[in-house]
Amino acid sequence: MNAFNTLESINTVNMARWHELEQIMAHSMKNHYFKMVYQPLVSLTSGQLMGFESLVRCESPRYGIVGPDEFIPHVEQSGMILDLGDWILEQTLHDFSKMKKIGMEDITISLNISPVQIIEGDVFSKVMKLLKKHNVDPASIKVELTETALIHSPHKIAKTFEQFNKEGVKVWLDDFGTGYASLGLLRQFNIDGLKIDRSFINGIATNNEDFTLCSAIIAMAQRLGLETIAEGIEQREQLQILEQLGCDVAQGYLLGRPSSLENSTATWLK
């Protein structure tokens, strides 16, 4: 098979999966097969729970489990992220309100926002209405946007970030180190914190380049007055190195897997 036929075959497979995902996502939205899970964020200085990141999962009785790495890009490109995103915001803040009511007072919740929700929807207004509806303090909310998303309509994204900042909502860059952000962009977008991508954390104990990059990111963040979260921590050695480097918050399977509201509160409510 020549290169052209190979590429055509790959494209055919991709298109077939795309159409299948359209069916799966529509079916899952209609029948409420999406659910929210929460992964703990733990302070590297005190060891205390700082909050949770809200993550969406899809598990259909007909189609099985579909991973977010696959369905999130699909719903973003198809536009379905607007409806799904509204549901995620509503469900997350409803659950977070429950956490607060049962005694988890001093924690935050991190919301993943798609650039599509900013560019094509009014995500700022929706978040603020839901905070009021569920009686949630804006200061306990973090919105996260991937670093690569900053290249999409940067002026509109900067304006939305500014609106969140004025209301006390923190703005974080997710997957930092994998995209196009520069020091100038960090100033332009008025960022509160950086989440170091898991691909660098994986090799921090064994790869000198990953160690150097993580060290540089954390040092830069400290100079700029930004907080840092390291995601994807699976080994105690990684945790120890990040603590020595001065990283603020840790996230990963070593500390806790994403879990349901009930399991999260049962595990972490003290």
# chains A, B, ... in the order shown; residues from 1 in each chain; ligands from 1

call {"tool": "residues_around", "arguments": {"residues": "Glu70 of chain A", "least_positions_apart": "2", "cutoff": "12 Å", "atoms": "only C-alpha atoms", "output": "VMD selection string"}}
result
chain A and resid 14 17 to 18 20 to 22 24 to 25 57 to 58 65 to 68 72 to 77

call {"tool": "residues_around", "arguments": {"residues": "segment 133-141 of chain A", "least_positions_apart": "2", "cutoff": "6 Å", "atoms": "only C-alpha atoms", "output": "list in words"}}
result
Thr108, Ile109, Leu130, Leu131, Gly168 and Val169 of chain A

call {"tool": "residues_around", "arguments": {"residues": "Gln244 of chain A", "least_positions_apart": "4", "cutoff": "12 Å", "atoms": "only C-alpha atoms", "output": "list of chain:residue names"}}
result
A:Leu44, A:Thr45, A:Phe211, A:Cys214, A:Ser215, A:Ile218, A:Ala219, A:Glu237, A:Gln238, A:Leu239, A:Gln240, A:Asp248

call {"tool": "write_last_selection", "arguments": {"atoms": "C-alpha atoms", "output": "CSV table (one decimal), in the first residue's frame"}}
result
chain,number,residue,atom,x,y,z
A,44,LEU,CA,2.4,20.1,49.0
A,45,THR,CA,3.3,22.1,52.1
A,211,PHE,CA,13.3,18.1,35.8
A,214,CYS,CA,9.5,21.7,35.8
A,215,SER,CA,12.0,23.6,37.9
A,218,ILE,CA,7.9,26.7,39.1
A,219,ALA,CA,10.6,29.3,39.6
A,237,GLU,CA,9.5,10.3,44.3
A,238,GLN,CA,7.8,12.7,41.9
A,239,LEU,CA,5.9,14.1,44.8
A,240,GLN,CA,9.1,14.6,46.9
A,248,ASP,CA,2.1,24.5,45.6

call {"tool": "closest_residue", "arguments": {"among": "A:Phe52, A:Glu231, A:Asp69, A:Glu120", "to": "Val143 of chain A", "atoms": "only C-alpha atoms"}}
result
A:Phe52

call {"tool": "select_by_dssp", "arguments": {"residues": "segment 46-235 of chain A", "states": "strand (DSSP E or B)", "output": "PyMOL selection string"}}
result
chain A and resi 49-60+64-66+108-112+141-146+170-176+193-196+227-230

call {"tool": "select_by_dssp", "arguments": {"residues": "segment 92-185 of chain A", "states": "helix (DSSP H, G or I)", "output": "count of residues only"}}
result
50

call {"tool": "closest_residue", "arguments": {"among": "A:Gly225, A:Ala26, A:His94, A:Asp192", "to": "Phe71 of chain A", "atoms": "only C-alpha atoms"}}
result
A:Ala26

call {"tool": "closest_atom_pairs", "arguments": {"of": "segment 95-136 of chain A", "to": "segment 28-37 of chain A", "cutoff": "12 Å", "atoms": "only C-alpha atoms", "output": "Markdown table"}}
result
| residue | atom | partner | partner_atom | distance |
| --- | --- | --- | --- | --- |
| A:Asp95 | CA | A:Met36 | CA | 9.0 |
| A:Phe96 | CA | A:Met36 | CA | 11.1 |
| A:Ile109 | CA | A:Val37 | CA | 11.7 |
| A:Ser110 | CA | A:Val37 | CA | 11.8 |
| A:Leu111 | CA | A:Met36 | CA | 11.2 |
| A:Asn112 | CA | A:Met36 | CA | 11.9 |

call {"tool": "residues_around", "arguments": {"residues": "Met220 of chain A", "least_positions_apart": "5", "cutoff": "12 Å", "atoms": "only C-alpha atoms", "output": "list in words"}}
result
Ser182, Leu183, Leu186, Gly193, Leu194, Leu213, Cys214, Ser215, Gly225, Leu226, Glu227, Thr228, Leu245, Gly246 and Cys247 of chain A

call {"tool": "atom_distance", "arguments": {"atom1": "atom CA of Val127 of chain A", "atom2": "atom CA of Asp86 of chain A"}}
result
9.0 Å

call {"tool": "residues_around", "arguments": {"residues": "Ala149 of chain A", "least_positions_apart": "2", "cutoff": "10 Å", "atoms": "only C-alpha atoms", "output": "PDB file with N, CA, C and O atoms, in the first residue's frame"}}
result
ATOM      1  N   ILE A 113     -12.992  24.818  31.157  1.00  0.00           N
ATOM      2  CA  ILE A 113     -13.773  25.605  30.199  1.00  0.00           C
ATOM      3  C   ILE A 113     -13.184  25.419  28.803  1.00  0.00           C
ATOM      4  O   ILE A 113     -11.966  25.475  28.617  1.00  0.00           O
ATOM      5  N   SER A 114     -14.044  25.204  27.830  1.00  0.00           N
ATOM      6  CA  SER A 114     -13.596  25.096  26.437  1.00  0.00           C
ATOM      7  C   SER A 114     -13.575  26.483  25.805  1.00  0.00           C
ATOM      8  O   SER A 114     -14.435  27.319  26.104  1.00  0.00           O
ATOM      9  N   PRO A 115     -12.622  26.753  24.909  1.00  0.00           N
ATOM     10  CA  PRO A 115     -12.641  28.044  24.200  1.00  0.00           C
ATOM     11  C   PRO A 115     -13.934  28.249  23.416  1.00  0.00           C
ATOM     12  O   PRO A 115     -14.352  29.383  23.212  1.00  0.00           O
ATOM     13  N   VAL A 116     -14.563  27.147  22.995  1.00  0.00           N
ATOM     14  CA  VAL A 116     -15.841  27.249  22.276  1.00  0.00           C
ATOM     15  C   VAL A 116     -16.902  27.883  23.173  1.00  0.00           C
ATOM     16  O   VAL A 116     -17.730  28.675  22.710  1.00  0.00           O
ATOM     17  N   LEU A 145      -8.423  26.712  31.483  1.00  0.00           N
ATOM     18  CA  LEU A 145      -8.419  26.686  30.022  1.00  0.00           C
ATOM     19  C   LEU A 145      -7.059  26.197  29.577  1.00  0.00           C
ATOM     20  O   LEU A 145      -6.040  26.616  30.135  1.00  0.00           O
ATOM     21  N   THR A 146      -7.026  25.311  28.580  1.00  0.00           N
ATOM     22  CA  THR A 146      -5.736  24.793  28.133  1.00  0.00           C
ATOM     23  C   THR A 146      -4.901  25.897  27.506  1.00  0.00           C
ATOM     24  O   THR A 146      -5.423  26.827  26.903  1.00  0.00           O
ATOM     25  N   GLU A 147      -3.595  25.750  27.633  1.00  0.00           N
ATOM     26  CA  GLU A 147      -2.673  26.761  27.121  1.00  0.00           C
ATOM     27  C   GLU A 147      -2.852  26.988  25.622  1.00  0.00           C
ATOM     28  O   GLU A 147      -2.823  28.123  25.140  1.00  0.00           O
ATOM     29  N   ILE A 151      -4.729  30.760  21.632  1.00  0.00           N
ATOM     30  CA  ILE A 151      -4.559  31.271  20.272  1.00  0.00           C
ATOM     31  C   ILE A 151      -5.895  31.491  19.578  1.00  0.00           C
ATOM     32  O   ILE A 151      -5.958  32.109  18.524  1.00  0.00           O
ATOM     33  N   HIS A 152      -6.998  31.002  20.170  1.00  0.00           N
ATOM     34  CA  HIS A 152      -8.324  31.181  19.593  1.00  0.00           C
ATOM     35  C   HIS A 152      -8.956  32.452  20.139  1.00  0.00           C
ATOM     36  O   HIS A 152      -9.191  32.565  21.342  1.00  0.00           O
ATOM     37  N   SER A 153      -9.244  33.422  19.272  1.00  0.00           N
ATOM     38  CA  SER A 153      -9.886  34.680  19.683  1.00  0.00           C
ATOM     39  C   SER A 153      -9.291  35.218  20.983  1.00  0.00           C
ATOM     40  O   SER A 153      -9.993  35.342  21.998  1.00  0.00           O
ATOM     41  N   PRO A 154      -8.006  35.537  20.997  1.00  0.00           N
ATOM     42  CA  PRO A 154      -7.339  35.943  22.243  1.00  0.00           C
ATOM     43  C   PRO A 154      -7.967  37.157  22.913  1.00  0.00           C
ATOM     44  O   PRO A 154      -7.993  37.241  24.138  1.00  0.00           O
ATOM     45  N   ILE A 157     -11.105  35.988  24.764  1.00  0.00           N
ATOM     46  CA  ILE A 157     -10.720  35.187  25.920  1.00  0.00           C
ATOM     47  C   ILE A 157     -10.141  36.074  27.016  1.00  0.00           C
ATOM     48  O   ILE A 157     -10.466  35.915  28.197  1.00  0.00           O
ATOM     49  N   LEU A 173      -4.213  28.262  33.750  1.00  0.00           N
ATOM     50  CA  LEU A 173      -3.833  27.648  32.475  1.00  0.00           C
ATOM     51  C   LEU A 173      -3.530  26.176  32.709  1.00  0.00           C
ATOM     52  O   LEU A 173      -2.668  25.832  33.525  1.00  0.00           O
ATOM     53  N   ASP A 174      -4.244  25.316  31.983  1.00  0.00           N
ATOM     54  CA  ASP A 174      -4.052  23.875  32.092  1.00  0.00           C
ATOM     55  C   ASP A 174      -3.015  23.406  31.068  1.00  0.00           C
ATOM     56  O   ASP A 174      -2.766  24.077  30.070  1.00  0.00           O
ATOM     57  N   GLY A 179       1.985  24.191  24.987  1.00  0.00           N
ATOM     58  CA  GLY A 179       1.390  25.058  23.976  1.00  0.00           C
ATOM     59  C   GLY A 179       2.255  26.225  23.586  1.00  0.00           C
ATOM     60  O   GLY A 179       3.470  26.101  23.443  1.00  0.00           O
ATOM     61  N   TYR A 180       1.616  27.397  23.488  1.00  0.00           N
ATOM     62  CA  TYR A 180       2.279  28.544  22.892  1.00  0.00           C
ATOM     63  C   TYR A 180       2.377  29.748  23.830  1.00  0.00           C
ATOM     64  O   TYR A 180       2.708  30.840  23.404  1.00  0.00           O
ATOM     65  N   ALA A 181       2.069  29.560  25.091  1.00  0.00           N
ATOM     66  CA  ALA A 181       2.045  30.700  25.999  1.00  0.00           C
ATOM     67  C   ALA A 181       3.451  31.257  26.219  1.00  0.00           C
ATOM     68  O   ALA A 181       4.424  30.516  26.336  1.00  0.00           O
TER      69      ALA A 181
END

call {"tool": "atom_distance", "arguments": {"atom1": "atom CA of Ala158 of chain A", "atom2": "atom CA of Gly121 of chain A"}}
result
14.8 Å

call {"tool": "closest_residue", "arguments": {"among": "A:Leu224, A:Ile201, A:Leu255, A:Val123", "to": "Glu90 of chain A", "atoms": "only C-alpha atoms"}}
result
A:Val123

call {"tool": "atom_distance", "arguments": {"atom1": "atom CA of Arg236 of chain A", "atom2": "atom CA of Arg257 of chain A"}}
result
15.1 Å
